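**Student:** Contents of protein_37.cif (mmCIF, C-alpha atoms) are given next:
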```cif
data_start
loop_
_atom_site.label_atom_id
_atom_site.label_comp_id
_atom_site.auth_asym_id
_atom_site.auth_seq_id
_atom_site.Cartn_x
_atom_site.Cartn_y
_atom_site.Cartn_z
CA MET A 93 -28.65 4.54 14.51
CA GLU A 94 -29.20 3.83 18.18
CA VAL A 95 -29.23 0.04 17.74
CA ILE A 96 -25.60 0.23 16.53
CA GLU A 97 -24.41 3.10 18.72
CA ASN A 98 -25.63 1.49 21.96
CA SER A 99 -24.96 -2.17 21.10
CA LYS A 100 -22.49 -4.52 22.69
CA LEU A 101 -19.78 -6.26 20.71
CA GLU A 102 -21.27 -9.29 18.96
CA SER A 103 -19.67 -12.21 17.12
CA PHE A 104 -20.30 -10.28 13.90
CA HIS A 105 -18.03 -7.45 15.04
CA TYR A 106 -15.16 -9.86 15.61
CA ARG A 107 -15.76 -11.53 12.22
CA LEU A 108 -15.70 -8.08 10.60
CA LEU A 109 -12.46 -7.28 12.46
CA ALA A 110 -10.86 -10.55 11.29
CA VAL A 111 -11.73 -10.05 7.61
CA LEU A 112 -10.89 -6.34 7.45
CA GLY A 113 -7.84 -6.94 9.63
CA ALA A 114 -6.48 -9.46 7.13
CA ILE A 115 -7.03 -6.94 4.32
CA TRP A 116 -5.35 -4.23 6.41
CA ALA A 117 -2.35 -6.46 7.04
CA PHE A 118 -1.90 -7.09 3.32
CA ILE A 119 -2.21 -3.39 2.57
CA ALA A 120 0.84 -3.04 4.82
CA VAL A 121 2.54 -6.01 3.14
CA ASN A 122 2.17 -4.39 -0.27
CA THR A 123 3.14 -0.91 0.93
CA ILE A 124 6.20 -1.91 2.96
CA ALA A 125 7.40 -4.29 0.23
CA ALA A 126 8.99 -1.30 -1.52
CA SER A 127 11.33 -0.60 1.39
CA LEU A 128 12.56 -4.19 1.28
CA ILE A 129 13.02 -4.56 -2.47
CA ILE A 130 14.76 -1.22 -3.10
CA PRO A 131 18.10 -2.39 -1.58
CA LEU A 132 17.84 -5.66 -3.56
CA LEU A 133 17.36 -4.16 -7.02
CA LYS A 134 20.99 -3.05 -7.26
CA GLU A 135 21.88 -6.71 -7.88
CA GLU A 136 20.16 -6.62 -11.30
CA PRO A 137 21.45 -4.24 -14.02
CA ALA A 138 17.96 -3.57 -15.48
CA PHE A 139 16.76 -2.27 -12.10
CA GLN A 140 19.61 -0.02 -11.01
CA GLY A 141 19.20 3.73 -10.60
CA SER A 142 20.01 6.73 -8.43
CA LEU A 143 18.70 6.97 -4.88
CA ALA A 144 16.17 9.55 -6.05
CA LYS A 145 14.88 7.21 -8.79
CA LEU A 146 14.76 4.26 -6.41
CA GLY A 147 12.87 6.55 -4.06
CA SER A 148 10.36 7.10 -6.85
CA LEU A 149 9.71 3.35 -6.76
CA GLY A 150 8.60 3.82 -3.17
CA SER A 151 6.60 6.89 -4.17
CA ALA A 152 4.88 5.27 -7.18
CA ALA A 153 2.43 3.31 -5.06
CA LEU A 154 1.89 6.38 -2.88
CA PHE A 155 0.89 8.53 -5.85
CA GLY A 156 -1.36 5.70 -6.97
CA MET A 157 -2.85 5.74 -3.48
CA LEU A 158 -3.54 9.46 -3.92
CA PHE A 159 -5.88 8.82 -6.85
CA GLY A 160 -7.17 5.56 -5.38
CA ALA A 161 -8.25 7.20 -2.12
CA TRP A 162 -10.15 9.89 -4.00
CA LEU A 163 -11.71 7.50 -6.55
CA PHE A 164 -12.76 4.70 -4.22
CA GLY A 165 -13.82 7.15 -1.49
CA ILE A 166 -16.33 8.67 -3.89
CA LEU A 167 -17.38 5.20 -5.11
CA ALA A 168 -18.03 4.17 -1.50
CA ASP A 169 -20.58 6.98 -1.16
CA ARG A 170 -22.22 6.05 -4.46
CA ILE A 171 -22.18 2.25 -4.90
CA GLY A 172 -21.58 1.18 -1.30
CA ARG A 173 -18.75 0.44 1.11
CA LYS A 174 -18.58 -3.30 0.42
CA LYS A 175 -18.51 -3.07 -3.40
CA ALA A 176 -15.93 -0.29 -3.40
CA LEU A 177 -13.70 -2.20 -0.98
CA THR A 178 -13.93 -5.41 -3.02
CA LEU A 179 -12.89 -3.58 -6.21
CA ALA A 180 -9.97 -1.93 -4.40
CA VAL A 181 -8.68 -5.21 -2.95
CA VAL A 182 -8.84 -6.95 -6.34
CA THR A 183 -6.91 -4.03 -7.89
CA PHE A 184 -3.96 -4.10 -5.50
CA SER A 185 -3.71 -7.88 -5.18
CA LEU A 186 -3.64 -8.53 -8.94
CA GLY A 187 -1.32 -5.57 -9.42
CA SER A 188 1.14 -7.01 -6.92
CA ILE A 189 1.17 -10.39 -8.65
CA VAL A 190 1.78 -8.84 -12.09
CA SER A 191 4.50 -6.52 -10.73
CA SER A 192 6.53 -9.53 -9.61
CA PHE A 193 7.13 -10.26 -13.31
CA ALA A 194 8.37 -6.75 -14.21
CA GLY A 195 11.31 -6.61 -16.63
CA SER A 196 12.71 -3.16 -15.88
CA LEU A 197 12.73 -0.47 -13.21
CA ASP A 198 10.42 1.80 -15.24
CA GLU A 199 7.95 -1.05 -15.76
CA LEU A 200 8.05 -1.89 -12.06
CA ILE A 201 7.40 1.76 -11.13
CA ALA A 202 4.35 1.85 -13.44
CA LEU A 203 2.95 -1.38 -11.99
CA ARG A 204 3.50 -0.15 -8.45
CA PHE A 205 1.35 2.86 -9.31
CA ILE A 206 -1.50 0.47 -10.20
CA VAL A 207 -0.98 -1.40 -6.94
CA GLY A 208 -1.25 1.95 -5.18
CA LEU A 209 -4.66 2.67 -6.70
CA GLY A 210 -6.11 -0.32 -4.87
CA LEU A 211 -4.16 0.29 -1.67
CA GLY A 212 -5.26 3.91 -1.49
CA GLY A 213 -8.88 2.95 -2.06
CA SER A 214 -8.90 0.14 0.48
CA LEU A 215 -7.72 2.16 3.48
CA PRO A 216 -10.38 4.90 3.75
CA VAL A 217 -13.22 2.65 2.59
CA ALA A 218 -12.36 -0.11 5.07
CA SER A 219 -12.08 2.35 7.96
CA SER A 220 -15.44 3.99 7.15
CA TYR A 221 -17.10 0.60 6.66
CA PHE A 222 -15.74 -0.67 9.98
CA ALA A 223 -16.60 2.52 11.90
CA GLU A 224 -20.23 2.42 10.74
CA PHE A 225 -20.79 -0.92 12.50
CA MET A 226 -19.03 -0.06 15.78
CA PRO A 227 -20.74 0.94 19.08
CA LYS A 228 -19.80 4.46 20.16
CA SER A 229 -18.39 3.24 23.50
CA VAL A 230 -15.57 1.29 21.82
CA ARG A 231 -15.47 2.70 18.29
CA GLY A 232 -12.16 4.51 18.64
CA ALA A 233 -10.43 1.60 20.36
CA MET A 234 -11.73 -0.92 17.83
CA ILE A 235 -10.56 1.19 14.87
CA SER A 236 -7.13 1.44 16.48
CA ILE A 237 -7.09 -2.33 16.90
CA LEU A 238 -8.00 -2.68 13.22
CA GLU A 239 -5.11 -0.35 12.40
CA SER A 240 -2.76 -2.54 14.47
CA PHE A 241 -3.04 -5.19 11.75
CA TRP A 242 -0.74 -2.89 9.79
CA ALA A 243 2.03 -3.78 12.23
CA ILE A 244 1.21 -7.47 11.84
CA GLY A 245 1.49 -7.12 8.06
CA THR A 246 4.79 -5.25 8.45
CA ILE A 247 6.21 -8.03 10.60
CA ILE A 248 4.90 -10.70 8.20
CA ILE A 249 6.52 -9.17 5.10
CA GLY A 250 9.81 -8.73 7.01
CA VAL A 251 9.78 -12.42 7.94
CA VAL A 252 8.79 -13.43 4.39
CA ALA A 253 11.73 -11.40 3.03
CA LEU A 254 14.08 -13.39 5.25
CA LEU A 255 12.46 -16.75 4.38
CA VAL A 256 12.72 -16.21 0.62
CA ARG A 257 16.32 -15.09 1.10
CA ALA A 258 15.53 -11.56 -0.04
CA ASP A 259 14.17 -12.57 -3.48
CA TRP A 260 12.34 -9.39 -4.45
CA ARG A 261 10.05 -11.10 -6.99
CA ASN A 262 8.75 -13.56 -4.41
CA ILE A 263 8.23 -10.70 -1.95
CA LEU A 264 5.91 -8.98 -4.44
CA LEU A 265 4.21 -12.24 -5.42
CA PHE A 266 3.32 -12.87 -1.77
CA GLY A 267 1.45 -9.55 -1.74
CA GLY A 268 -1.24 -11.02 -3.98
CA ALA A 269 -2.17 -13.76 -1.51
CA ILE A 270 -4.96 -11.57 -0.10
CA LEU A 271 -7.11 -12.79 -3.02
CA LEU A 272 -7.79 -15.83 -0.85
CA ILE A 273 -9.79 -13.67 1.59
CA LEU A 274 -12.24 -12.36 -1.03
CA PRO A 275 -14.89 -15.10 -0.48
CA LEU A 276 -15.09 -14.05 3.19
CA LEU A 277 -15.35 -10.37 2.28
CA LEU A 278 -18.26 -11.13 -0.03
CA THR A 279 -20.21 -12.75 2.83
CA LEU A 280 -20.23 -9.47 4.81
CA PRO A 281 -23.30 -7.19 4.64
CA GLU A 282 -23.42 -3.67 3.29
CA SER A 283 -23.32 -0.84 5.83
CA PRO A 284 -26.86 -0.14 7.13
CA ARG A 285 -25.95 3.53 7.45
CA PHE A 286 -25.14 3.71 3.74
CA LEU A 287 -28.35 1.89 2.87
CA LEU A 288 -30.37 4.27 5.04
CA VAL A 289 -29.06 7.46 3.42
CA LYS A 290 -29.77 5.88 0.03
CA GLY A 291 -33.38 5.20 1.04
CA ARG A 292 -32.99 1.39 1.02
CA ILE A 293 -34.81 1.07 4.33
CA SER A 294 -35.93 -2.57 4.22
CA GLU A 295 -32.41 -3.80 3.39
CA ALA A 296 -30.95 -1.85 6.31
CA GLU A 297 -33.60 -3.19 8.69
CA GLU A 298 -32.95 -6.79 7.58
CA ILE A 299 -29.19 -6.46 8.15
CA LEU A 300 -29.72 -5.02 11.64
CA ARG A 301 -32.18 -7.83 12.41
CA ARG A 302 -29.69 -10.45 11.28
CA ILE A 303 -26.78 -9.00 13.26
CA PHE A 304 -28.46 -7.92 16.50
CA GLY A 305 -31.55 -10.15 16.53
CA VAL A 306 -34.00 -7.28 17.04
CA ASP A 307 -36.73 -5.79 14.86
CA VAL A 308 -35.90 -2.18 14.05
CA LYS A 309 -38.09 0.29 12.21
CA LEU A 310 -35.96 2.92 10.55
CA GLN A 311 -37.22 6.30 9.50
CA LYS A 312 -36.78 7.31 5.90
CA PRO A 313 -34.45 10.34 5.54
CA GLY A 314 -36.37 13.60 5.40
CA GLU A 315 -34.87 14.61 2.06
CA GLU A 316 -33.20 12.83 -0.79
CA GLN A 317 -29.45 12.49 -0.32
CA LYS A 318 -27.52 14.37 -2.98
CA ARG A 319 -24.20 13.29 -4.38
CA THR A 320 -21.33 14.83 -2.48
CA SER A 321 -18.12 16.38 -3.76
CA ILE A 322 -14.80 17.64 -2.46
CA ALA A 323 -16.23 21.17 -2.64
CA ASP A 324 -18.87 20.16 -0.08
CA LEU A 325 -16.12 19.25 2.40
CA TRP A 326 -14.52 22.68 2.17
CA ARG A 327 -17.80 24.59 2.07
CA LYS A 328 -19.46 22.88 5.06
CA TYR A 329 -16.55 21.47 7.08
CA SER A 330 -13.62 23.75 6.25
CA ARG A 331 -11.87 23.82 9.65
CA ARG A 332 -11.86 20.06 10.19
CA THR A 333 -10.96 19.43 6.55
CA LEU A 334 -7.99 21.79 6.79
CA MET A 335 -6.88 20.15 10.04
CA LEU A 336 -7.11 16.67 8.52
CA THR A 337 -5.34 17.77 5.33
CA VAL A 338 -2.27 18.93 7.27
CA ALA A 339 -2.40 16.07 9.78
CA TRP A 340 -2.65 13.31 7.17
CA PHE A 341 0.06 14.90 5.03
CA SER A 342 2.38 15.14 8.03
CA ILE A 343 1.84 11.66 9.42
CA ALA A 344 2.26 10.03 6.02
CA PHE A 345 5.31 12.12 5.11
CA ALA A 346 6.94 11.02 8.36
CA TYR A 347 5.95 7.36 8.04
CA TYR A 348 6.84 6.75 4.40
CA GLY A 349 9.91 8.96 4.46
CA PHE A 350 11.24 6.97 7.41
CA PHE A 351 10.13 3.40 6.70
CA ILE A 352 10.62 3.25 2.94
CA TRP A 353 14.26 4.08 3.60
CA LEU A 354 14.68 2.46 7.04
CA PRO A 355 16.84 -0.49 5.87
CA LYS A 356 19.03 2.04 4.02
CA PHE A 357 19.09 4.39 7.03
CA LEU A 358 20.20 1.54 9.28
CA SER A 359 22.81 0.14 6.91
CA ALA A 360 24.19 3.63 6.23
CA THR A 361 24.42 4.74 9.87
CA LEU A 362 25.40 1.38 11.41
CA GLY A 363 27.55 0.01 8.59
CA ILE A 364 25.66 -3.31 8.45
CA THR A 365 24.57 -5.52 5.54
CA VAL A 366 21.14 -5.16 3.91
CA PHE A 367 20.16 -8.63 5.16
CA LYS A 368 21.07 -7.63 8.73
CA SER A 369 19.10 -4.40 8.35
CA PHE A 370 16.01 -6.52 7.53
CA GLN A 371 16.37 -8.17 10.95
CA TYR A 372 16.51 -4.79 12.66
CA PHE A 373 13.55 -3.70 10.54
CA ILE A 374 11.46 -6.51 12.06
CA ILE A 375 12.45 -5.37 15.56
CA THR A 376 11.22 -1.85 14.86
CA ALA A 377 8.02 -3.29 13.36
CA ILE A 378 7.31 -5.25 16.55
CA ALA A 379 7.39 -1.94 18.45
CA GLN A 380 4.43 -0.79 16.35
CA LEU A 381 2.01 -3.17 18.08
CA PRO A 382 2.25 -1.65 21.60
CA GLY A 383 2.13 1.76 19.90
CA TYR A 384 -1.28 0.92 18.44
CA TRP A 385 -2.54 -0.72 21.62
CA SER A 386 -1.51 2.18 23.84
CA ALA A 387 -3.23 4.62 21.47
CA ALA A 388 -6.35 2.42 21.46
CA TYR A 389 -6.43 2.71 25.24
CA LEU A 390 -5.74 6.45 25.39
CA ILE A 391 -8.23 7.62 22.76
CA GLU A 392 -11.07 6.29 24.93
CA ARG A 393 -9.54 7.84 28.06
CA ILE A 394 -8.08 11.23 27.16
CA GLY A 395 -9.63 11.63 23.69
CA ARG A 396 -8.70 11.49 20.03
CA LYS A 397 -7.24 14.99 19.77
CA LYS A 398 -4.83 14.74 22.69
CA THR A 399 -3.68 11.25 21.77
CA LEU A 400 -3.05 12.10 18.12
CA SER A 401 -1.23 15.38 18.77
CA SER A 402 0.90 13.83 21.54
CA TYR A 403 1.96 10.81 19.50
CA LEU A 404 2.82 12.92 16.45
CA PHE A 405 4.93 15.21 18.63
CA LEU A 406 6.73 12.32 20.36
CA SER A 407 7.47 10.59 17.05
CA GLY A 408 9.04 13.87 15.91
CA ILE A 409 11.18 13.98 19.06
CA ALA A 410 12.27 10.38 18.37
CA GLY A 411 13.30 11.46 14.87
CA VAL A 412 15.40 14.29 16.30
CA ALA A 413 17.04 11.75 18.63
CA PHE A 414 17.83 9.52 15.61
CA TYR A 415 19.48 12.49 13.89
CA LEU A 416 21.64 13.25 16.93
CA ALA A 417 22.55 9.58 17.40
CA ALA A 418 23.44 9.13 13.71
CA SER A 419 25.63 12.23 13.82
CA SER A 420 27.62 10.68 16.67
CA ALA A 421 27.38 7.06 15.36
CA ASN A 422 25.79 5.89 18.63
CA GLU A 423 24.44 2.43 17.71
CA ALA A 424 22.31 1.87 20.83
CA MET A 425 20.73 5.30 20.49
CA ILE A 426 20.07 4.84 16.75
CA LEU A 427 18.18 1.59 17.36
CA SER A 428 16.34 2.97 20.40
CA SER A 429 15.19 6.10 18.59
CA ALA A 430 14.09 4.05 15.56
CA ILE A 431 12.02 1.85 17.87
CA LEU A 432 10.48 4.89 19.59
CA PHE A 433 9.68 6.52 16.25
CA SER A 434 7.97 3.30 15.18
CA PHE A 435 5.99 3.14 18.46
CA PHE A 436 4.67 6.70 18.38
CA ASN A 437 4.19 7.15 14.63
CA LEU A 438 2.10 4.00 14.31
CA GLY A 439 0.18 4.86 17.48
CA ALA A 440 -0.65 8.17 15.77
CA TRP A 441 -1.94 6.24 12.75
CA GLY A 442 -4.28 4.28 15.02
CA ALA A 443 -5.58 7.53 16.49
CA ILE A 444 -6.07 9.34 13.18
CA TYR A 445 -7.99 6.44 11.64
CA ALA A 446 -10.32 6.42 14.64
CA TYR A 447 -10.67 10.21 14.57
CA THR A 448 -11.30 10.92 10.88
CA PRO A 449 -14.59 9.02 10.23
CA GLU A 450 -16.12 10.66 13.32
CA LEU A 451 -15.63 14.16 11.90
CA TYR A 452 -18.02 13.73 8.95
CA PRO A 453 -21.68 12.64 8.61
CA THR A 454 -22.57 9.43 6.77
CA SER A 455 -23.47 11.17 3.50
CA VAL A 456 -19.92 12.51 3.06
CA ARG A 457 -17.91 10.10 5.22
CA GLY A 458 -16.48 8.13 2.32
CA THR A 459 -15.60 11.30 0.44
CA GLY A 460 -14.10 12.90 3.56
CA THR A 461 -11.96 9.94 4.51
CA GLY A 462 -10.99 9.54 0.85
CA TRP A 463 -9.81 13.17 0.73
CA ALA A 464 -7.82 12.66 3.92
CA GLY A 465 -6.26 9.52 2.48
CA ALA A 466 -5.37 11.39 -0.70
CA MET A 467 -3.56 14.08 1.30
CA ALA A 468 -1.62 11.32 3.04
CA ARG A 469 -0.53 9.95 -0.32
CA ILE A 470 0.77 13.34 -1.42
CA GLY A 471 2.90 13.52 1.72
CA GLY A 472 3.89 9.88 1.46
CA GLY A 473 4.67 10.21 -2.24
CA ILE A 474 6.93 13.22 -1.84
CA ALA A 475 8.82 11.91 1.21
CA PRO A 476 10.75 8.92 -0.28
CA ILE A 477 11.97 10.97 -3.27
CA LEU A 478 12.95 13.94 -1.09
CA ALA A 479 14.61 11.72 1.51
CA GLY A 480 16.55 9.91 -1.21
CA ARG A 481 17.77 13.21 -2.63
CA ILE A 482 18.75 14.54 0.81
CA MET A 483 20.72 11.33 1.48
CA GLU A 484 22.61 11.74 -1.78
CA VAL A 485 23.59 15.31 -0.88
CA SER A 486 23.84 15.41 2.93
CA GLY A 487 23.45 11.88 4.33
CA ALA A 488 20.78 9.84 6.12
CA ALA A 489 20.83 11.82 9.39
CA LEU A 490 19.59 15.07 7.83
CA ALA A 491 16.84 13.20 5.94
CA VAL A 492 15.50 11.88 9.26
CA LEU A 493 15.66 15.37 10.81
CA VAL A 494 13.44 16.79 8.04
CA ILE A 495 10.98 13.94 8.64
CA ALA A 496 10.94 14.74 12.36
CA VAL A 497 10.17 18.43 11.80
CA VAL A 498 7.20 17.62 9.55
CA SER A 499 5.81 15.29 12.22
CA ILE A 500 6.00 18.04 14.84
CA ILE A 501 4.17 20.43 12.48
CA GLY A 502 1.37 17.87 12.25
CA ALA A 503 1.15 17.71 16.04
CA LEU A 504 0.72 21.47 16.31
CA ASP A 505 -1.94 21.44 13.57
CA VAL A 506 -4.10 18.91 15.47
CA LEU A 507 -3.56 20.71 18.77
CA ILE A 508 -4.68 24.08 17.36
CA LEU A 509 -7.41 23.15 14.87
CA GLY A 510 -8.69 19.79 16.13
CA GLU A 511 -12.00 19.20 17.91
CA GLU A 512 -12.78 16.33 20.25
CA THR A 513 -15.19 13.56 19.13
CA MET A 514 -14.81 11.04 21.96
CA GLY A 515 -18.17 9.59 23.04
CA LYS A 516 -20.17 11.27 20.30
CA GLU A 517 -22.51 9.38 17.98
CA LEU A 518 -21.75 9.22 14.26
CA ALA A 519 -23.78 11.89 12.49
#
```
Have the structure of the file written as structure tokens, please.
**Tutor:**
Amino acid sequence: MEVIENSKLESFHYRLLAVLGAIWAFIAVNTIAASLIIPLLKEEPAFQGSLAKLGSLGSAALFGMLFGAWLFGILADRIGRKKALTLAVVTFSLGSIVSSFAGSLDELIALRFIVGLGLGGSLPVASSYFAEFMPKSVRGAMISILESFWAIGTIIIGVVALLVRADWRNILLFGGAILLILPLLLTLPESPRFLLVKGRISEAEEILRRIFGVDVKLQKPGEEQKRTSIADLWRKYSRRTLMLTVAWFSIAFAYYGFFIWLPKFLSATLGITVFKSFQYFIITAIAQLPGYWSAAYLIERIGRKKTLSSYLFLSGIAGVAFYLAASSANEAMILSSAILFSFFNLGAWGAIYAYTPELYPTSVRGTGTGWAGAMARIGGGIAPILAGRIMEVSGAALAVLVIAVVSIIGALDVLILGEETMGKELA
């Protein structure tokens, strides 16, 4: 759609950024909440367990996200981006509220899985929805800016944890506050690109007229759009789907393996209290913002592929530095490497969210981004359990080293199999 691809940023684009950004921030709030409540559960007998089982609490939402990304990604291509996103947000917000009343660790794990369904659905649908409204000249940068709301949510939940004096039930209850944004979400229009491929021409034209103030005559698609499936991704787009499968697995394994356990990593290697580790956690979260912003700048200068592969590689190097610093108990180096890991890993997230929607045409974009999100949840779901087990056997330093190696593998995957999409129109 030329009217979108060649447009300038309008007030609508900033309203869309504000609404989806708030949702994105609360996705982070609900995801990161696990890393903050795990150290607190040992205070209650009904919620105690081994490090591996506590790691499964962090993984529960991630496995829910696996199914949620697949389910809501397909729904987005069938019932629309806006409807699918609304259903996903309602799922995770209500799930978070109910989970704050859990009576046992097993019950909490089950409820966190339900929260994950909505979280996993919200991420790929929101990114596709946002990308389909963005001009090609700033699409990558704007998606990275949207992704930066994750860092804002991470900082917010860290501050909330301190304000409620580390009361884990109130931390989870706060995660449901995103329900307040639903009236604003409902005022947003459906994606004109989705409407066009579904043959709803007049609706798409009216939305474009309302946003850009111009009369546009759209051409009806030459053939009826068929329902898409995962098999279509591998049959028609095998190379890019393989690249994204490995990349999303790697980036999520590194992120969730590191951040779900970060307070524990810090307290174990620095010998500090859990409450003090929350303060350091906020410092590392603040480093995420310039990571996103630098990636937003670079993806429109050197391209998506180079930015993503470089940031994945550098986050891996930061993880290796953490391992070496932890082995020698160097406090300054431990904190510095944690900050650098946070900077580069979250910058990589900004790049991969900009990159992924551009690799698929509109008819399969929701399914493609949903598949990618599902692969991330597999990596993210495995990582906390594996890291917890490694810590039990060999300590926190080795767990971080494994995370670093996986991140470097992801960098090589993008470098070898990736293709550049900078400046290209959405198909």
**Student:** Could you expand the PyMOL selection byres ((chain A and resi 433) around 8) into the explicit residues it covers here, written as a ChimeraX atom specification?
**Tutor:** /A:406-408,410-411,429-432,434-437
**Student:** With all atoms of region 99-107 of chain A from the file as input, state the centre and edge lengths in Å to one decimal of the axis-aligned box that has 5 Å extra on each side, as AutoDock Vina command-line options.
**Tutor:**
```
--center_x -20.1 --center_y -7.2 --center_z 17.5 --size_x 19.8 --size_y 20.0 --size_z 20.5
```
**Student:** Give one line per residue of region 246-313 of chain A that approaches region 175-193 of chain A to at most 12 Å, naming the two atoms of the closest pair and their distance in Å to one decimal, counting all atoms listed in the file; sort by chain then ascending residue number and deliver it as a tab-separated table.
**Tutor:**
```
residue	atom	partner	partner_atom	distance
A:Asp259	CA	A:Ser192	CA	10.3
A:Trp260	CA	A:Ser192	CA	7.8
A:Arg261	CA	A:Ser192	CA	4.7
A:Asn262	CA	A:Ser192	CA	6.9
A:Ile263	CA	A:Ser192	CA	7.9
A:Leu264	CA	A:Ser192	CA	5.2
A:Leu265	CA	A:Ile189	CA	4.8
A:Phe266	CA	A:Ile189	CA	7.6
A:Gly267	CA	A:Ser188	CA	5.8
A:Gly268	CA	A:Ser185	CA	4.2
A:Ala269	CA	A:Ser185	CA	7.1
A:Ile270	CA	A:Ser185	CA	6.4
A:Leu271	CA	A:Ser185	CA	6.4
A:Leu272	CA	A:Ser185	CA	9.9
A:Ile273	CA	A:Val181	CA	9.7
A:Leu274	CA	A:Thr178	CA	7.4
A:Pro275	CA	A:Thr178	CA	10.1
A:Leu276	CA	A:Thr178	CA	10.7
A:Leu277	CA	A:Thr178	CA	7.4
A:Leu278	CA	A:Thr178	CA	7.8
A:Thr279	CA	A:Thr178	CA	11.3
A:Leu280	CA	A:Lys175	CA	10.6
A:Pro281	CA	A:Lys175	CA	10.2
A:Glu282	CA	A:Lys175	CA	8.3
A:Ser283	CA	A:Lys175	CA	10.6
A:Phe286	CA	A:Lys175	CA	11.9
```
**Student:** Just checking: using all atoms listed in the file, which residue out of A:Ser151, A:Ser127, A:Ser142, A:Ser455 ends up closest to Ala258 (chain A)?
**Tutor:** A:Ser127
**Student:** Report as a PyMOL selection string the full result of the PyMOL selection byres ((chain A and resi 248) around 12) when it is applied to this structure.
**Tutor:** chain A and resi 114+117-122+124-125+241-247+249-255+263+266-267+370+373-375+377-378
**Student:** Write a file of the just-selected residues containing C-alpha atoms, as a compact mmCIF listing (two decimals), keeping the file's coordinate frame.
**Tutor:**
```txt
# COMPACT_ATOMS: atom_id res chain seq x y z
CA ALA A 114 -6.48 -9.46 7.13
CA ALA A 117 -2.35 -6.46 7.04
CA PHE A 118 -1.90 -7.09 3.32
CA ILE A 119 -2.21 -3.39 2.57
CA ALA A 120 0.84 -3.04 4.82
CA VAL A 121 2.54 -6.01 3.14
CA ASN A 122 2.17 -4.39 -0.27
CA ILE A 124 6.20 -1.91 2.96
CA ALA A 125 7.40 -4.29 0.23
CA PHE A 241 -3.04 -5.19 11.75
CA TRP A 242 -0.74 -2.89 9.79
CA ALA A 243 2.03 -3.78 12.23
CA ILE A 244 1.21 -7.47 11.84
CA GLY A 245 1.49 -7.12 8.06
CA THR A 246 4.79 -5.25 8.45
CA ILE A 247 6.21 -8.03 10.60
CA ILE A 249 6.52 -9.17 5.10
CA GLY A 250 9.81 -8.73 7.01
CA VAL A 251 9.78 -12.42 7.94
CA VAL A 252 8.79 -13.43 4.39
CA ALA A 253 11.73 -11.40 3.03
CA LEU A 254 14.08 -13.39 5.25
CA LEU A 255 12.46 -16.75 4.38
CA ILE A 263 8.23 -10.70 -1.95
CA PHE A 266 3.32 -12.87 -1.77
CA GLY A 267 1.45 -9.55 -1.74
CA PHE A 370 16.01 -6.52 7.53
CA PHE A 373 13.55 -3.70 10.54
CA ILE A 374 11.46 -6.51 12.06
CA ILE A 375 12.45 -5.37 15.56
CA ALA A 377 8.02 -3.29 13.36
CA ILE A 378 7.31 -5.25 16.55
```
**Student:** Evaluating the PyMOL selection byres ((chain A and resi 349) around 8) on the displayed file yields which residues, as a PDB file with C-alpha atoms, keeping the file's coordinate frame?
**Tutor:**
```pdb
ATOM      1  CA  ALA A 344       2.260  10.030   6.020  1.00  0.00           C
ATOM      2  CA  PHE A 345       5.310  12.120   5.110  1.00  0.00           C
ATOM      3  CA  ALA A 346       6.940  11.020   8.360  1.00  0.00           C
ATOM      4  CA  TYR A 347       5.950   7.360   8.040  1.00  0.00           C
ATOM      5  CA  TYR A 348       6.840   6.750   4.400  1.00  0.00           C
ATOM      6  CA  PHE A 350      11.240   6.970   7.410  1.00  0.00           C
ATOM      7  CA  PHE A 351      10.130   3.400   6.700  1.00  0.00           C
ATOM      8  CA  ILE A 352      10.620   3.250   2.940  1.00  0.00           C
ATOM      9  CA  TRP A 353      14.260   4.080   3.600  1.00  0.00           C
ATOM     10  CA  GLY A 472       3.890   9.880   1.460  1.00  0.00           C
ATOM     11  CA  ALA A 475       8.820  11.910   1.210  1.00  0.00           C
ATOM     12  CA  PRO A 476      10.750   8.920  -0.280  1.00  0.00           C
ATOM     13  CA  ALA A 479      14.610  11.720   1.510  1.00  0.00           C
ATOM     14  CA  VAL A 492      15.500  11.880   9.260  1.00  0.00           C
ATOM     15  CA  ILE A 495      10.980  13.940   8.640  1.00  0.00           C
TER      16      ILE A 495
END
```
**Student:** Can you work out which one of A:Gly383, A:Gly305, A:Gly465, A:Pro453 has the shortest atom-to-atom distance to Gly165 (chain A), counting all atoms listed in the file?
**Tutor:**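 For Gly165 (chain A), the nearest of the candidates is A:Gly465.
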**Student:** Using all atoms listed in the file, which residue out of A:Ile426, A:Leu238, A:Ile130, A:Leu287 lies closest to Arg173 (chain A)?
**Tutor:**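 Nearest to Arg173 (chain A): A:Leu287.
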**Student:** Skipping near chain neighbours, those fewer than 6 positions away, what residues fall within 9 Å of Leu493 (chain A) using all atoms listed in the file, listed as an mmCIF file with C-alpha atoms, in the frame of the given file?
**Tutor:**
```
data_model
loop_
_atom_site.group_PDB
_atom_site.id
_atom_site.type_symbol
_atom_site.label_atom_id
_atom_site.label_comp_id
_atom_site.auth_asym_id
_atom_site.auth_seq_id
_atom_site.Cartn_x
_atom_site.Cartn_y
_atom_site.Cartn_z
ATOM 1 C CA GLY A 408 9.040 13.870 15.910
ATOM 2 C CA GLY A 411 13.300 11.460 14.870
ATOM 3 C CA VAL A 412 15.400 14.290 16.300
ATOM 4 C CA ALA A 413 17.040 11.750 18.630
ATOM 5 C CA PHE A 414 17.830 9.520 15.610
ATOM 6 C CA TYR A 415 19.480 12.490 13.890
ATOM 7 C CA LEU A 416 21.640 13.250 16.930
#
```
**Student:** Around the point (-21.3, 0.8, 23.2) (coordinates from the file), which residues reach within 8 Å if we count only C-alpha atoms? Answer as a ChimeraX atom specification.
**Tutor:** /A:96-101,226-231
